[in-house]
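Colleague: Data file input-v2.cif (mmCIF, C-alpha atoms (C1' of nucleotides)) is appended below.
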data_my_file
loop_
_atom_site.label_atom_id
_atom_site.label_comp_id
_atom_site.auth_asym_id
_atom_site.auth_seq_id
_atom_site.Cartn_x
_atom_site.Cartn_y
_atom_site.Cartn_z
CA MET A 1 -6.47 -46.76 18.99
CA THR A 2 -7.07 -48.93 15.96
CA PRO A 3 -5.57 -46.55 13.51
CA THR A 4 -8.01 -46.56 10.68
CA THR A 5 -5.16 -47.19 8.33
CA LEU A 6 -3.12 -44.21 7.46
CA PRO A 7 -5.23 -41.77 5.54
CA LEU A 8 -2.36 -40.67 3.38
CA ALA A 9 -2.24 -42.78 0.27
CA PRO A 10 -2.60 -39.75 -1.96
CA SER A 11 -2.31 -42.08 -4.89
CA LYS A 12 0.77 -40.13 -5.80
CA ASP A 13 4.05 -41.89 -5.77
CA VAL A 14 5.89 -38.77 -4.82
CA GLN A 15 7.28 -40.28 -1.69
CA ALA A 16 9.27 -43.01 -3.24
CA GLY A 17 13.02 -42.94 -2.81
CA PRO A 18 14.73 -39.77 -1.65
CA CYS A 19 11.43 -38.38 -0.57
CA CYS A 20 10.00 -35.03 -0.62
CA ALA A 21 10.86 -31.49 -1.27
CA PRO A 22 13.31 -29.73 1.04
CA ILE A 23 10.43 -27.99 2.71
CA ALA A 24 9.16 -31.39 3.81
CA ARG A 25 12.44 -32.98 4.76
CA GLU A 26 13.28 -31.12 7.90
CA PRO A 27 11.78 -28.28 9.91
CA LEU A 28 12.79 -24.85 8.77
CA THR A 29 14.50 -22.65 11.28
CA GLU A 30 12.78 -19.47 12.25
CA ASP A 31 15.35 -17.41 10.36
CA ASP A 32 15.20 -19.50 7.22
CA ALA A 33 11.43 -19.34 7.26
CA ALA A 34 11.49 -15.57 7.58
CA GLU A 35 13.90 -15.17 4.71
CA LEU A 36 12.06 -17.56 2.43
CA ALA A 37 8.72 -16.02 3.28
CA ALA A 38 10.05 -12.65 2.21
CA LEU A 39 11.16 -14.11 -1.10
CA LEU A 40 7.83 -15.83 -1.59
CA LYS A 41 5.90 -12.69 -0.77
CA ALA A 42 7.62 -11.02 -3.66
CA VAL A 43 6.06 -13.47 -6.08
CA ALA A 44 2.78 -13.99 -4.27
CA ASP A 45 1.00 -11.33 -6.27
CA PRO A 46 -0.79 -11.69 -9.60
CA VAL A 47 0.74 -8.58 -11.11
CA ARG A 48 4.27 -9.45 -10.11
CA LEU A 49 3.82 -13.01 -11.29
CA ARG A 50 2.76 -11.74 -14.66
CA LEU A 51 5.56 -9.20 -14.77
CA LEU A 52 8.06 -11.92 -14.01
CA SER A 53 6.72 -14.17 -16.73
CA MET A 54 6.51 -11.35 -19.23
CA ILE A 55 10.09 -10.34 -18.57
CA GLY A 56 11.36 -13.89 -18.70
CA SER A 57 9.57 -14.81 -21.86
CA HIS A 58 10.35 -11.63 -23.71
CA PRO A 59 12.57 -12.03 -26.75
CA GLY A 60 16.17 -11.49 -25.74
CA GLY A 61 15.46 -12.37 -22.14
CA GLU A 62 14.79 -8.84 -21.14
CA ALA A 63 11.97 -6.36 -21.40
CA CYS A 64 11.66 -2.62 -21.38
CA VAL A 65 9.27 -1.08 -18.92
CA CYS A 66 7.43 0.35 -21.87
CA ASP A 67 6.63 -3.21 -22.95
CA LEU A 68 5.10 -3.97 -19.59
CA THR A 69 2.97 -1.03 -18.65
CA ASP A 70 0.46 -1.22 -21.46
CA VAL A 71 -0.68 -4.71 -20.61
CA PHE A 72 -2.00 -3.74 -17.21
CA ASP A 73 -4.77 -1.48 -16.14
CA LEU A 74 -2.41 0.14 -13.69
CA THR A 75 -0.57 3.41 -13.55
CA ALA A 76 3.15 3.69 -14.17
CA PRO A 77 3.99 4.28 -10.51
CA THR A 78 2.24 1.09 -9.55
CA ILE A 79 4.13 -0.97 -12.11
CA SER A 80 7.31 0.67 -10.95
CA HIS A 81 6.49 -0.30 -7.40
CA HIS A 82 5.99 -3.93 -8.31
CA LEU A 83 9.21 -4.01 -10.28
CA LYS A 84 11.00 -2.60 -7.30
CA VAL A 85 9.64 -5.34 -5.06
CA LEU A 86 10.91 -7.97 -7.47
CA ARG A 87 14.26 -6.24 -7.75
CA THR A 88 14.65 -5.86 -4.00
CA ALA A 89 13.97 -9.56 -3.64
CA GLY A 90 16.80 -10.25 -6.06
CA LEU A 91 14.53 -11.87 -8.61
CA ILE A 92 15.19 -9.42 -11.40
CA GLY A 93 17.93 -7.04 -12.43
CA SER A 94 17.62 -3.75 -14.22
CA GLU A 95 19.68 -1.36 -16.23
CA ARG A 96 19.02 1.90 -17.94
CA ARG A 97 20.10 2.00 -21.54
CA GLY A 98 19.53 5.37 -23.06
CA THR A 99 15.98 6.40 -22.78
CA TRP A 100 14.61 3.09 -21.60
CA VAL A 101 15.05 0.87 -18.59
CA TYR A 102 15.38 -2.85 -19.14
CA TYR A 103 14.64 -5.70 -16.77
CA TRP A 104 15.74 -9.31 -16.80
CA ILE A 105 15.24 -12.35 -14.64
CA ILE A 106 17.92 -13.62 -12.30
CA PRO A 107 17.53 -17.36 -12.79
CA ALA A 108 19.43 -18.49 -9.70
CA GLN A 109 17.05 -16.73 -7.37
CA VAL A 110 14.02 -18.08 -9.20
CA ALA A 111 15.49 -21.56 -9.03
CA ARG A 112 15.89 -21.15 -5.30
CA LEU A 113 12.14 -20.92 -5.01
CA GLY A 114 11.69 -23.95 -7.18
CA ALA A 115 14.16 -26.02 -5.24
CA LEU A 116 12.24 -25.45 -2.05
CA PHE A 117 9.18 -27.23 -3.32
CA THR A 118 10.60 -29.63 -5.84
CA PRO A 119 11.14 -33.26 -4.94
CA LEU A 120 14.66 -34.48 -5.45
CA THR A 121 13.54 -36.91 -8.08
CA GLU A 122 11.75 -35.74 -11.15
CA PRO A 123 9.42 -32.81 -11.00
CA THR A 124 6.20 -32.76 -12.93
CA HIS A 125 7.33 -34.29 -16.22
CA ALA A 126 3.61 -34.50 -17.03
CA MET B 127 18.79 3.67 -5.63
CA THR B 128 20.45 4.29 -8.94
CA PRO B 129 21.49 1.20 -10.80
CA THR B 130 25.08 2.38 -10.86
CA THR B 131 26.54 -1.05 -11.09
CA LEU B 132 26.31 -2.92 -14.29
CA PRO B 133 25.15 -6.47 -14.10
CA LEU B 134 28.13 -8.73 -13.79
CA ALA B 135 27.16 -10.86 -16.70
CA PRO B 136 25.74 -9.60 -19.94
CA SER B 137 22.09 -10.07 -19.49
CA LYS B 138 21.52 -11.43 -22.92
CA ASP B 139 23.11 -14.83 -22.63
CA VAL B 140 21.53 -15.74 -19.36
CA GLN B 141 19.49 -18.37 -21.07
CA ALA B 142 21.68 -21.13 -22.33
CA GLY B 143 20.15 -24.41 -23.28
CA PRO B 144 16.56 -25.53 -22.82
CA CYS B 145 15.89 -22.39 -20.94
CA CYS B 146 14.05 -21.37 -17.99
CA ALA B 147 11.34 -22.23 -15.62
CA PRO B 148 7.73 -22.28 -16.80
CA ILE B 149 7.23 -18.89 -15.27
CA ALA B 150 9.84 -17.54 -17.65
CA ARG B 151 8.83 -19.40 -20.75
CA GLU B 152 5.64 -17.67 -21.65
CA PRO B 153 3.49 -14.93 -20.20
CA LEU B 154 0.98 -16.07 -17.65
CA THR B 155 -2.64 -15.33 -18.33
CA GLU B 156 -4.43 -13.11 -15.91
CA ASP B 157 -6.43 -16.03 -14.56
CA ASP B 158 -3.46 -18.31 -14.14
CA ALA B 159 -1.57 -15.57 -12.38
CA ALA B 160 -4.45 -14.99 -9.99
CA GLU B 161 -4.74 -18.64 -9.15
CA LEU B 162 -1.04 -19.16 -8.67
CA ALA B 163 -0.73 -16.01 -6.60
CA ALA B 164 -3.39 -17.34 -4.26
CA LEU B 165 -1.46 -20.56 -3.87
CA LEU B 166 1.77 -18.70 -3.28
CA LYS B 167 0.19 -16.41 -0.73
CA ALA B 168 -0.66 -19.45 1.32
CA VAL B 169 3.02 -20.26 1.72
CA ALA B 170 4.34 -16.71 1.80
CA ASP B 171 4.29 -16.51 5.55
CA PRO B 172 6.98 -17.57 8.00
CA VAL B 173 4.63 -19.38 10.32
CA ARG B 174 2.90 -21.31 7.57
CA LEU B 175 6.21 -22.19 6.01
CA ARG B 176 7.39 -23.63 9.28
CA LEU B 177 4.12 -25.43 9.83
CA LEU B 178 4.41 -26.99 6.41
CA SER B 179 7.96 -28.13 7.01
CA MET B 180 7.17 -29.41 10.46
CA ILE B 181 4.25 -31.43 9.18
CA GLY B 182 6.17 -32.77 6.23
CA SER B 183 9.21 -33.77 8.20
CA HIS B 184 7.36 -35.30 11.09
CA PRO B 185 7.83 -39.03 11.53
CA GLY B 186 5.11 -40.85 9.68
CA GLY B 187 4.49 -37.94 7.38
CA GLU B 188 1.87 -36.43 9.58
CA ALA B 189 1.72 -34.33 12.70
CA CYS B 190 -0.79 -33.74 15.43
CA VAL B 191 -1.78 -30.17 16.16
CA CYS B 192 -0.50 -30.72 19.65
CA ASP B 193 2.97 -31.23 18.16
CA LEU B 194 2.80 -27.90 16.41
CA THR B 195 1.38 -25.43 18.87
CA ASP B 196 4.12 -25.60 21.45
CA VAL B 197 6.83 -24.57 19.03
CA PHE B 198 5.29 -21.18 18.36
CA ASP B 199 4.63 -18.25 20.58
CA LEU B 200 1.14 -18.05 19.20
CA THR B 201 -2.29 -18.82 20.52
CA ALA B 202 -4.28 -21.83 19.44
CA PRO B 203 -6.75 -19.87 17.32
CA THR B 204 -3.89 -18.31 15.40
CA ILE B 205 -2.30 -21.66 14.64
CA SER B 206 -5.68 -22.95 13.67
CA HIS B 207 -6.08 -20.02 11.34
CA HIS B 208 -2.80 -20.71 9.58
CA LEU B 209 -3.59 -24.38 9.23
CA LYS B 210 -6.88 -23.47 7.66
CA VAL B 211 -5.18 -21.25 5.12
CA LEU B 212 -2.90 -24.11 4.13
CA ARG B 213 -5.78 -26.54 3.99
CA THR B 214 -7.94 -24.21 1.94
CA ALA B 215 -5.08 -23.87 -0.51
CA GLY B 216 -5.02 -27.63 -0.85
CA LEU B 217 -1.50 -27.93 0.50
CA ILE B 218 -2.35 -30.07 3.49
CA GLY B 219 -5.03 -32.52 4.49
CA SER B 220 -6.40 -33.24 7.94
CA GLU B 221 -8.27 -35.89 9.81
CA ARG B 222 -9.44 -36.35 13.35
CA ARG B 223 -8.38 -39.59 14.98
CA GLY B 224 -9.76 -39.91 18.44
CA THR B 225 -8.87 -36.96 20.52
CA TRP B 226 -6.32 -35.46 18.19
CA VAL B 227 -6.33 -33.96 14.75
CA TYR B 228 -3.60 -34.91 12.34
CA TYR B 229 -2.26 -33.02 9.34
CA TRP B 230 -0.26 -34.19 6.37
CA ILE B 231 1.18 -32.63 3.27
CA ILE B 232 -0.39 -33.08 -0.13
CA PRO B 233 2.71 -33.52 -2.27
CA ALA B 234 1.11 -32.91 -5.64
CA GLN B 235 0.10 -29.40 -4.70
CA VAL B 236 3.51 -28.63 -3.26
CA ALA B 237 5.13 -29.94 -6.40
CA ARG B 238 2.97 -27.61 -8.42
CA LEU B 239 4.66 -24.70 -6.75
CA GLY B 240 8.06 -26.17 -7.38
CA ALA B 241 7.38 -26.84 -11.03
CA LEU B 242 6.56 -23.21 -11.60
CA PHE B 243 10.03 -22.05 -10.73
CA THR B 244 12.16 -25.03 -11.56
CA PRO B 245 14.11 -25.05 -14.78
CA LEU B 246 13.71 -28.13 -16.89
CA THR B 247 17.41 -28.78 -16.72
CA GLU B 248 19.48 -28.35 -13.63
CA PRO B 249 18.20 -26.33 -10.73
CA THR B 250 20.21 -23.72 -8.92
CA HIS B 251 23.48 -25.63 -8.52
CA ALA B 252 24.68 -22.74 -6.31
"C1'" DC C 253 -21.66 -35.50 32.64
"C1'" DT C 254 -17.31 -33.52 32.67
"C1'" DA C 255 -12.81 -32.49 31.13
"C1'" DT C 256 -9.83 -31.98 27.07
"C1'" DC C 257 -8.43 -30.96 22.36
"C1'" DA C 258 -9.26 -28.27 18.49
"C1'" DT C 259 -11.93 -25.22 15.58
"C1'" DT C 260 -14.78 -21.40 14.94
"C1'" DT C 261 -16.66 -16.82 15.57
"C1'" DA C 262 -16.58 -12.01 16.66
"C1'" DG C 263 -14.45 -7.86 17.70
"C1'" DA C 264 -10.37 -5.15 17.92
"C1'" DC C 265 -6.03 -3.36 16.57
"C1'" DA C 266 -1.34 -2.58 14.56
"C1'" DG C 267 1.29 -3.10 10.67
"C1'" DA C 268 1.84 -4.20 5.86
"C1'" DT C 269 0.34 -3.66 1.08
"C1'" DA C 270 -1.69 -1.97 -3.36
"C1'" DT C 271 -2.92 1.88 -5.54
"C1'" DC C 272 -3.20 6.60 -7.08
"C1'" DG C 273 -1.85 11.63 -8.37
"C1'" DA C 274 1.75 14.76 -8.37
"C1'" DA C 275 6.40 15.91 -8.10
"C1'" DC C 276 10.87 14.69 -9.53
"C1'" DC C 277 14.96 12.91 -12.13
"C1'" DA C 278 17.53 11.19 -16.30
"C1'" DC C 279 18.13 11.19 -20.87
"C1'" DC C 280 17.64 12.43 -25.88
"C1'" DC C 281 16.91 15.81 -29.42
"C1'" DC C 282 16.61 20.28 -31.28
"C1'" DG D 283 20.40 25.33 -22.74
"C1'" DG D 284 15.23 24.17 -23.18
"C1'" DG D 285 11.64 20.97 -23.83
"C1'" DG D 286 9.56 16.64 -24.11
"C1'" DT D 287 9.32 11.75 -22.85
"C1'" DG D 288 10.22 7.60 -20.02
"C1'" DG D 289 10.56 5.96 -15.13
"C1'" DT D 290 10.99 6.53 -10.41
"C1'" DT D 291 10.02 8.45 -5.95
"C1'" DC D 292 6.97 10.74 -2.64
"C1'" DG D 293 2.89 11.30 0.09
"C1'" DA D 294 -1.72 9.93 1.00
"C1'" DT D 295 -5.37 6.58 1.35
"C1'" DA D 296 -8.02 2.40 1.54
"C1'" DT D 297 -7.78 -2.28 2.08
"C1'" DC D 298 -5.81 -6.65 3.65
"C1'" DT D 299 -3.43 -9.51 7.04
"C1'" DG D 300 -1.70 -11.43 11.33
"C1'" DT D 301 -2.50 -11.42 15.87
"C1'" DC D 302 -4.85 -11.22 20.25
"C1'" DT D 303 -8.80 -11.86 23.69
"C1'" DA D 304 -12.89 -13.90 24.81
"C1'" DA D 305 -16.42 -16.89 24.17
"C1'" DA D 306 -18.99 -20.51 21.81
"C1'" DT D 307 -19.08 -24.87 19.46
"C1'" DG D 308 -18.08 -29.69 18.40
"C1'" DA D 309 -16.10 -34.17 19.12
"C1'" DT D 310 -14.15 -37.59 22.07
"C1'" DA D 311 -12.43 -40.12 26.21
"C1'" DG D 312 -13.29 -41.49 30.80
#
Would you write the structure of this file as structure tokens?

Modeller:
Amino acid sequence: MTPTTLPLAPSKDVQAGPCCAPIAREPLTEDDAAELAALLKAVADPVRLRLLSMIGSHPGGEACVCDLTDVFDLTAPTISHHLKVLRTAGLIGSERRGTWVYYWIIPAQVARLGALFTPLTEPTHA
Amino acid sequence: MTPTTLPLAPSKDVQAGPCCAPIAREPLTEDDAAELAALLKAVADPVRLRLLSMIGSHPGGEACVCDLTDVFDLTAPTISHHLKVLRTAGLIGSERRGTWVYYWIIPAQVARLGALFTPLTEPTHA
DNA sequence: CTATCATTTAGACAGATATCGAACCACCCC
DNA sequence: GGGGTGGTTCGATATCTGTCTAAATGATAG
């Protein structure tokens, strides 16, 4: 067999200590995988990713739909559809206040995504 | 679906402290969003999520294809397809050693996903 | 050379997804 | 109340995606 020395050695020291993100620590069950995949699908779209970041970074932590629509070359129904996907996934909340509808990020759900892929030690830190 | 229920917490003080994951700190550019969405799409599938976790949690940090196929009710070409998607996204590497082909996780790319959604401070906490 | 493991290709098909236009609903203002 | 504006929902369509079968290819061990 003469293993040609393990090919790993990614020159990253990520696997020192506690080792690895949760996704790499133990096999996901079928159910967990299905649920997480649904959550990930909600963010696996350029428009929704931008919507999420625009909402999150908007002054006050929330954004009116009217702030969002103009940025995209998409019709209002399409934006509405994407917002609904994010809301259904539990990533954002919404409320109508008078004429306008406001959206905000639900940090716990976003953090859930992060935790999946983030090593227990320090993340990027640059 | 009318948003009849008010959000439990006032949406305005959701951000206390250093605030937020990168995704919520500033609006993503169109290009960044497209690139990240492509990466996310690679993991936004139950089978690929399980493959990733099975590879990552396998003893030695790598898994032979033969270890993976039996777990799923899928044909070999389909598994091969999913592995290719993960490899193309840069999330896993592969090498043939003798008869078998081995796969391993590329931690840096996985961590990139995590960093997107992970707050600089504490993660979800529950 | 033959058998095995894995990938690739091609074609096919069902289901999901992104998008649009039009209809609809909720609210404010006169 | 009536009218206008902001958003959502509905219905239709075109594309994308996951999966299969079947067959071909490549690489390796015996």

Colleague: Take chain A, superimpose it onto chain B by least squares using every C-alpha atom paired in sequence order, and output the result as a PDB file with C-alpha atoms, in the coordinates of the input.

Modeller:
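Saved result, out.pdb, follows:
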ATOM      1  CA  MET A   1      21.860   6.423 -26.248  1.00  0.00           C
ATOM      2  CA  THR A   2      25.175   4.680 -25.777  1.00  0.00           C
ATOM      3  CA  PRO A   3      23.825   1.897 -23.692  1.00  0.00           C
ATOM      4  CA  THR A   4      26.310   1.602 -20.918  1.00  0.00           C
ATOM      5  CA  THR A   5      26.518  -2.077 -21.602  1.00  0.00           C
ATOM      6  CA  LEU A   6      23.728  -4.114 -20.236  1.00  0.00           C
ATOM      7  CA  PRO A   7      23.805  -3.980 -16.485  1.00  0.00           C
ATOM      8  CA  LEU A   8      22.623  -7.528 -16.128  1.00  0.00           C
ATOM      9  CA  ALA A   9      25.587  -9.835 -15.955  1.00  0.00           C
ATOM     10  CA  PRO A  10      24.535 -11.150 -12.571  1.00  0.00           C
ATOM     11  CA  SER A  11      27.500 -13.449 -12.729  1.00  0.00           C
ATOM     12  CA  LYS A  12      25.002 -16.251 -12.577  1.00  0.00           C
ATOM     13  CA  ASP A  13      24.740 -18.547 -15.496  1.00  0.00           C
ATOM     14  CA  VAL A  14      21.094 -19.149 -14.891  1.00  0.00           C
ATOM     15  CA  GLN A  15      20.103 -17.911 -18.281  1.00  0.00           C
ATOM     16  CA  ALA A  16      21.914 -20.428 -20.331  1.00  0.00           C
ATOM     17  CA  GLY A  17      19.877 -22.760 -22.491  1.00  0.00           C
ATOM     18  CA  PRO A  18      16.158 -23.121 -21.895  1.00  0.00           C
ATOM     19  CA  CYS A  19      16.188 -20.024 -19.798  1.00  0.00           C
ATOM     20  CA  CYS A  20      14.392 -19.035 -16.787  1.00  0.00           C
ATOM     21  CA  ALA A  21      11.644 -20.083 -14.542  1.00  0.00           C
ATOM     22  CA  PRO A  22       8.089 -20.155 -15.882  1.00  0.00           C
ATOM     23  CA  ILE A  23       7.384 -16.932 -14.085  1.00  0.00           C
ATOM     24  CA  ALA A  24      10.014 -15.276 -16.258  1.00  0.00           C
ATOM     25  CA  ARG A  25       9.198 -16.917 -19.549  1.00  0.00           C
ATOM     26  CA  GLU A  26       5.949 -15.266 -20.411  1.00  0.00           C
ATOM     27  CA  PRO A  27       3.608 -12.766 -18.790  1.00  0.00           C
ATOM     28  CA  LEU A  28       1.098 -14.268 -16.438  1.00  0.00           C
ATOM     29  CA  THR A  29      -2.526 -13.675 -17.201  1.00  0.00           C
ATOM     30  CA  GLU A  30      -4.532 -11.758 -14.688  1.00  0.00           C
ATOM     31  CA  ASP A  31      -6.413 -14.898 -13.676  1.00  0.00           C
ATOM     32  CA  ASP A  32      -3.321 -17.036 -13.331  1.00  0.00           C
ATOM     33  CA  ALA A  33      -1.664 -14.354 -11.256  1.00  0.00           C
ATOM     34  CA  ALA A  34      -4.655 -14.148  -8.947  1.00  0.00           C
ATOM     35  CA  GLU A  35      -4.765 -17.881  -8.439  1.00  0.00           C
ATOM     36  CA  LEU A  36      -1.045 -18.220  -7.855  1.00  0.00           C
ATOM     37  CA  ALA A  37      -1.000 -15.258  -5.516  1.00  0.00           C
ATOM     38  CA  ALA A  38      -3.650 -16.936  -3.410  1.00  0.00           C
ATOM     39  CA  LEU A  39      -1.549 -20.077  -3.222  1.00  0.00           C
ATOM     40  CA  LEU A  40       1.548 -18.092  -2.350  1.00  0.00           C
ATOM     41  CA  LYS A  41      -0.258 -16.134   0.326  1.00  0.00           C
ATOM     42  CA  ALA A  42      -0.978 -19.389   2.054  1.00  0.00           C
ATOM     43  CA  VAL A  43       2.719 -20.025   2.524  1.00  0.00           C
ATOM     44  CA  ALA A  44       3.825 -16.434   2.954  1.00  0.00           C
ATOM     45  CA  ASP A  45       3.618 -16.589   6.719  1.00  0.00           C
ATOM     46  CA  PRO A  46       6.288 -17.698   9.181  1.00  0.00           C
ATOM     47  CA  VAL A  47       3.942 -19.830  11.240  1.00  0.00           C
ATOM     48  CA  ARG A  48       2.446 -21.608   8.271  1.00  0.00           C
ATOM     49  CA  LEU A  49       5.866 -22.149   6.761  1.00  0.00           C
ATOM     50  CA  ARG A  50       6.991 -23.792   9.944  1.00  0.00           C
ATOM     51  CA  LEU A  51       3.814 -25.826  10.215  1.00  0.00           C
ATOM     52  CA  LEU A  52       4.300 -27.059   6.684  1.00  0.00           C
ATOM     53  CA  SER A  53       7.883 -28.062   7.329  1.00  0.00           C
ATOM     54  CA  MET A  54       7.041 -29.675  10.636  1.00  0.00           C
ATOM     55  CA  ILE A  55       4.277 -31.719   9.070  1.00  0.00           C
ATOM     56  CA  GLY A  56       6.382 -32.725   6.105  1.00  0.00           C
ATOM     57  CA  SER A  57       9.391 -33.716   8.105  1.00  0.00           C
ATOM     58  CA  HIS A  58       7.507 -35.562  10.786  1.00  0.00           C
ATOM     59  CA  PRO A  59       8.164 -39.287  10.952  1.00  0.00           C
ATOM     60  CA  GLY A  60       5.578 -41.098   8.878  1.00  0.00           C
ATOM     61  CA  GLY A  61       4.897 -38.045   6.768  1.00  0.00           C
ATOM     62  CA  GLU A  62       2.116 -36.844   8.944  1.00  0.00           C
ATOM     63  CA  ALA A  63       1.729 -35.031  12.220  1.00  0.00           C
ATOM     64  CA  CYS A  64      -0.924 -34.778  14.862  1.00  0.00           C
ATOM     65  CA  VAL A  65      -2.081 -31.340  15.851  1.00  0.00           C
ATOM     66  CA  CYS A  66      -0.899 -32.134  19.330  1.00  0.00           C
ATOM     67  CA  ASP A  67       2.641 -32.359  17.953  1.00  0.00           C
ATOM     68  CA  LEU A  68       2.373 -28.899  16.482  1.00  0.00           C
ATOM     69  CA  THR A  69       0.755 -26.716  19.067  1.00  0.00           C
ATOM     70  CA  ASP A  70       3.399 -26.948  21.748  1.00  0.00           C
ATOM     71  CA  VAL A  71       6.150 -25.562  19.578  1.00  0.00           C
ATOM     72  CA  PHE A  72       4.473 -22.211  19.127  1.00  0.00           C
ATOM     73  CA  ASP A  73       3.607 -19.490  21.528  1.00  0.00           C
ATOM     74  CA  LEU A  74       0.134 -19.400  20.068  1.00  0.00           C
ATOM     75  CA  THR A  75      -3.247 -20.577  21.200  1.00  0.00           C
ATOM     76  CA  ALA A  76      -4.938 -23.633  19.750  1.00  0.00           C
ATOM     77  CA  PRO A  77      -7.481 -21.619  17.768  1.00  0.00           C
ATOM     78  CA  THR A  78      -4.714 -19.723  16.062  1.00  0.00           C
ATOM     79  CA  ILE A  79      -2.885 -22.884  15.044  1.00  0.00           C
ATOM     80  CA  SER A  80      -6.163 -24.287  13.845  1.00  0.00           C
ATOM     81  CA  HIS A  81      -6.700 -21.193  11.759  1.00  0.00           C
ATOM     82  CA  HIS A  82      -3.330 -21.508  10.087  1.00  0.00           C
ATOM     83  CA  LEU A  83      -3.886 -25.174   9.374  1.00  0.00           C
ATOM     84  CA  LYS A  84      -7.177 -24.307   7.795  1.00  0.00           C
ATOM     85  CA  VAL A  85      -5.527 -21.774   5.508  1.00  0.00           C
ATOM     86  CA  LEU A  86      -3.048 -24.394   4.358  1.00  0.00           C
ATOM     87  CA  ARG A  87      -5.803 -26.940   3.889  1.00  0.00           C
ATOM     88  CA  THR A  88      -8.017 -24.548   1.958  1.00  0.00           C
ATOM     89  CA  ALA A  89      -5.100 -23.834  -0.336  1.00  0.00           C
ATOM     90  CA  GLY A  90      -4.806 -27.548  -1.012  1.00  0.00           C
ATOM     91  CA  LEU A  91      -1.330 -27.773   0.453  1.00  0.00           C
ATOM     92  CA  ILE A  92      -2.174 -30.206   3.208  1.00  0.00           C
ATOM     93  CA  GLY A  93      -4.775 -32.853   3.889  1.00  0.00           C
ATOM     94  CA  SER A  94      -6.249 -33.889   7.187  1.00  0.00           C
ATOM     95  CA  GLU A  95      -8.078 -36.753   8.751  1.00  0.00           C
ATOM     96  CA  ARG A  96      -9.401 -37.486  12.171  1.00  0.00           C
ATOM     97  CA  ARG A  97      -8.315 -40.804  13.567  1.00  0.00           C
ATOM     98  CA  GLY A  98      -9.851 -41.465  16.913  1.00  0.00           C
ATOM     99  CA  THR A  99      -9.060 -38.763  19.325  1.00  0.00           C
ATOM    100  CA  TRP A 100      -6.487 -36.978  17.222  1.00  0.00           C
ATOM    101  CA  VAL A 101      -6.441 -35.161  13.924  1.00  0.00           C
ATOM    102  CA  TYR A 102      -3.566 -35.804  11.564  1.00  0.00           C
ATOM    103  CA  TYR A 103      -2.189 -33.615   8.807  1.00  0.00           C
ATOM    104  CA  TRP A 104      -0.005 -34.430   5.840  1.00  0.00           C
ATOM    105  CA  ILE A 105       1.497 -32.560   2.940  1.00  0.00           C
ATOM    106  CA  ILE A 106       0.080 -32.790  -0.554  1.00  0.00           C
ATOM    107  CA  PRO A 107       3.285 -32.884  -2.579  1.00  0.00           C
ATOM    108  CA  ALA A 108       1.786 -32.031  -5.964  1.00  0.00           C
ATOM    109  CA  GLN A 109       0.521 -28.691  -4.766  1.00  0.00           C
ATOM    110  CA  VAL A 110       3.822 -27.867  -3.100  1.00  0.00           C
ATOM    111  CA  ALA A 111       5.640 -28.800  -6.282  1.00  0.00           C
ATOM    112  CA  ARG A 112       3.408 -26.428  -8.188  1.00  0.00           C
ATOM    113  CA  LEU A 113       4.887 -23.583  -6.209  1.00  0.00           C
ATOM    114  CA  GLY A 114       8.372 -24.825  -6.843  1.00  0.00           C
ATOM    115  CA  ALA A 115       7.838 -25.195 -10.548  1.00  0.00           C
ATOM    116  CA  LEU A 116       6.842 -21.574 -10.838  1.00  0.00           C
ATOM    117  CA  PHE A 117      10.218 -20.334  -9.738  1.00  0.00           C
ATOM    118  CA  THR A 118      12.506 -23.137 -10.755  1.00  0.00           C
ATOM    119  CA  PRO A 119      14.539 -22.897 -13.931  1.00  0.00           C
ATOM    120  CA  LEU A 120      14.011 -25.743 -16.332  1.00  0.00           C
ATOM    121  CA  THR A 121      17.582 -26.838 -15.971  1.00  0.00           C
ATOM    122  CA  GLU A 122      18.989 -27.754 -12.628  1.00  0.00           C
ATOM    123  CA  PRO A 123      17.842 -25.992  -9.527  1.00  0.00           C
ATOM    124  CA  THR A 124      20.235 -25.098  -6.776  1.00  0.00           C
ATOM    125  CA  HIS A 125      22.370 -28.240  -6.655  1.00  0.00           C
ATOM    126  CA  ALA A 126      24.674 -26.199  -4.404  1.00  0.00           C
TER     127      ALA A 126
END

Colleague: For this file, the PyMOL selection byres ((chain D and resi 283) around 12) selects which residues, as a CSV table (one decimal) with C-alpha atoms (C1' of nucleotides), in the frame of the given file?

Modeller:
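Dumped everything to out-v5.csv:
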chain,number,residue,atom,x,y,z
C,282,DC,C1',16.6,20.3,-31.3
D,284,DG,C1',15.2,24.2,-23.2
D,285,DG,C1',11.6,21.0,-23.8

Colleague: Could you tell me which of C:DA258, C:DC265, C:DC253, C:DC281 comes closest to chain A if we count only C-alpha atoms (C1' of nucleotides)?

Modeller: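 Residue with the minimum atom-to-atom distance to chain A: C:DC281.
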
Colleague: Counting all atoms listed in the file, what are the residues of chain A within 6 Å of chain B, and for each of them which pair of atoms is the nearest and at what distance in Å, to one decimal? Sort the table by chain and rising number, as CSV.

Modeller:
residue,atom,partner,partner_atom,distance
A:Ile23,CA,B:Ser179,CA,5.0
A:Ala24,CA,B:Gly182,CA,4.1
A:Arg25,CA,B:Ser183,CA,4.8
A:Glu26,CA,B:Ser183,CA,4.9
A:Pro27,CA,B:Met180,CA,4.8
A:Leu28,CA,B:Arg176,CA,5.6
A:Ala33,CA,B:Pro172,CA,4.8
A:Ala34,CA,B:Pro172,CA,5.0
A:Ala37,CA,B:Ala170,CA,4.7
A:Leu40,CA,B:Ala170,CA,4.9
A:Lys41,CA,B:Ala170,CA,5.0
A:Ala44,CA,B:Ala163,CA,4.7
A:Asp45,CA,B:Ala163,CA,5.0
A:Pro46,CA,B:Ala159,CA,4.8
A:Arg50,CA,B:Leu154,CA,5.6
A:Ser53,CA,B:Ala150,CA,4.7
A:Met54,CA,B:Pro153,CA,4.8
A:Gly56,CA,B:Ala150,CA,4.1
A:Ser57,CA,B:Arg151,CA,4.8
A:Ala108,CA,B:Thr250,CA,5.3
A:Val110,CA,B:Phe243,CA,5.8
A:Ala111,CA,B:Thr250,CA,5.2
A:Gly114,CA,B:Gly240,CA,4.3
A:Phe117,CA,B:Gly240,CA,4.3
A:Thr118,CA,B:Gly240,CA,4.6
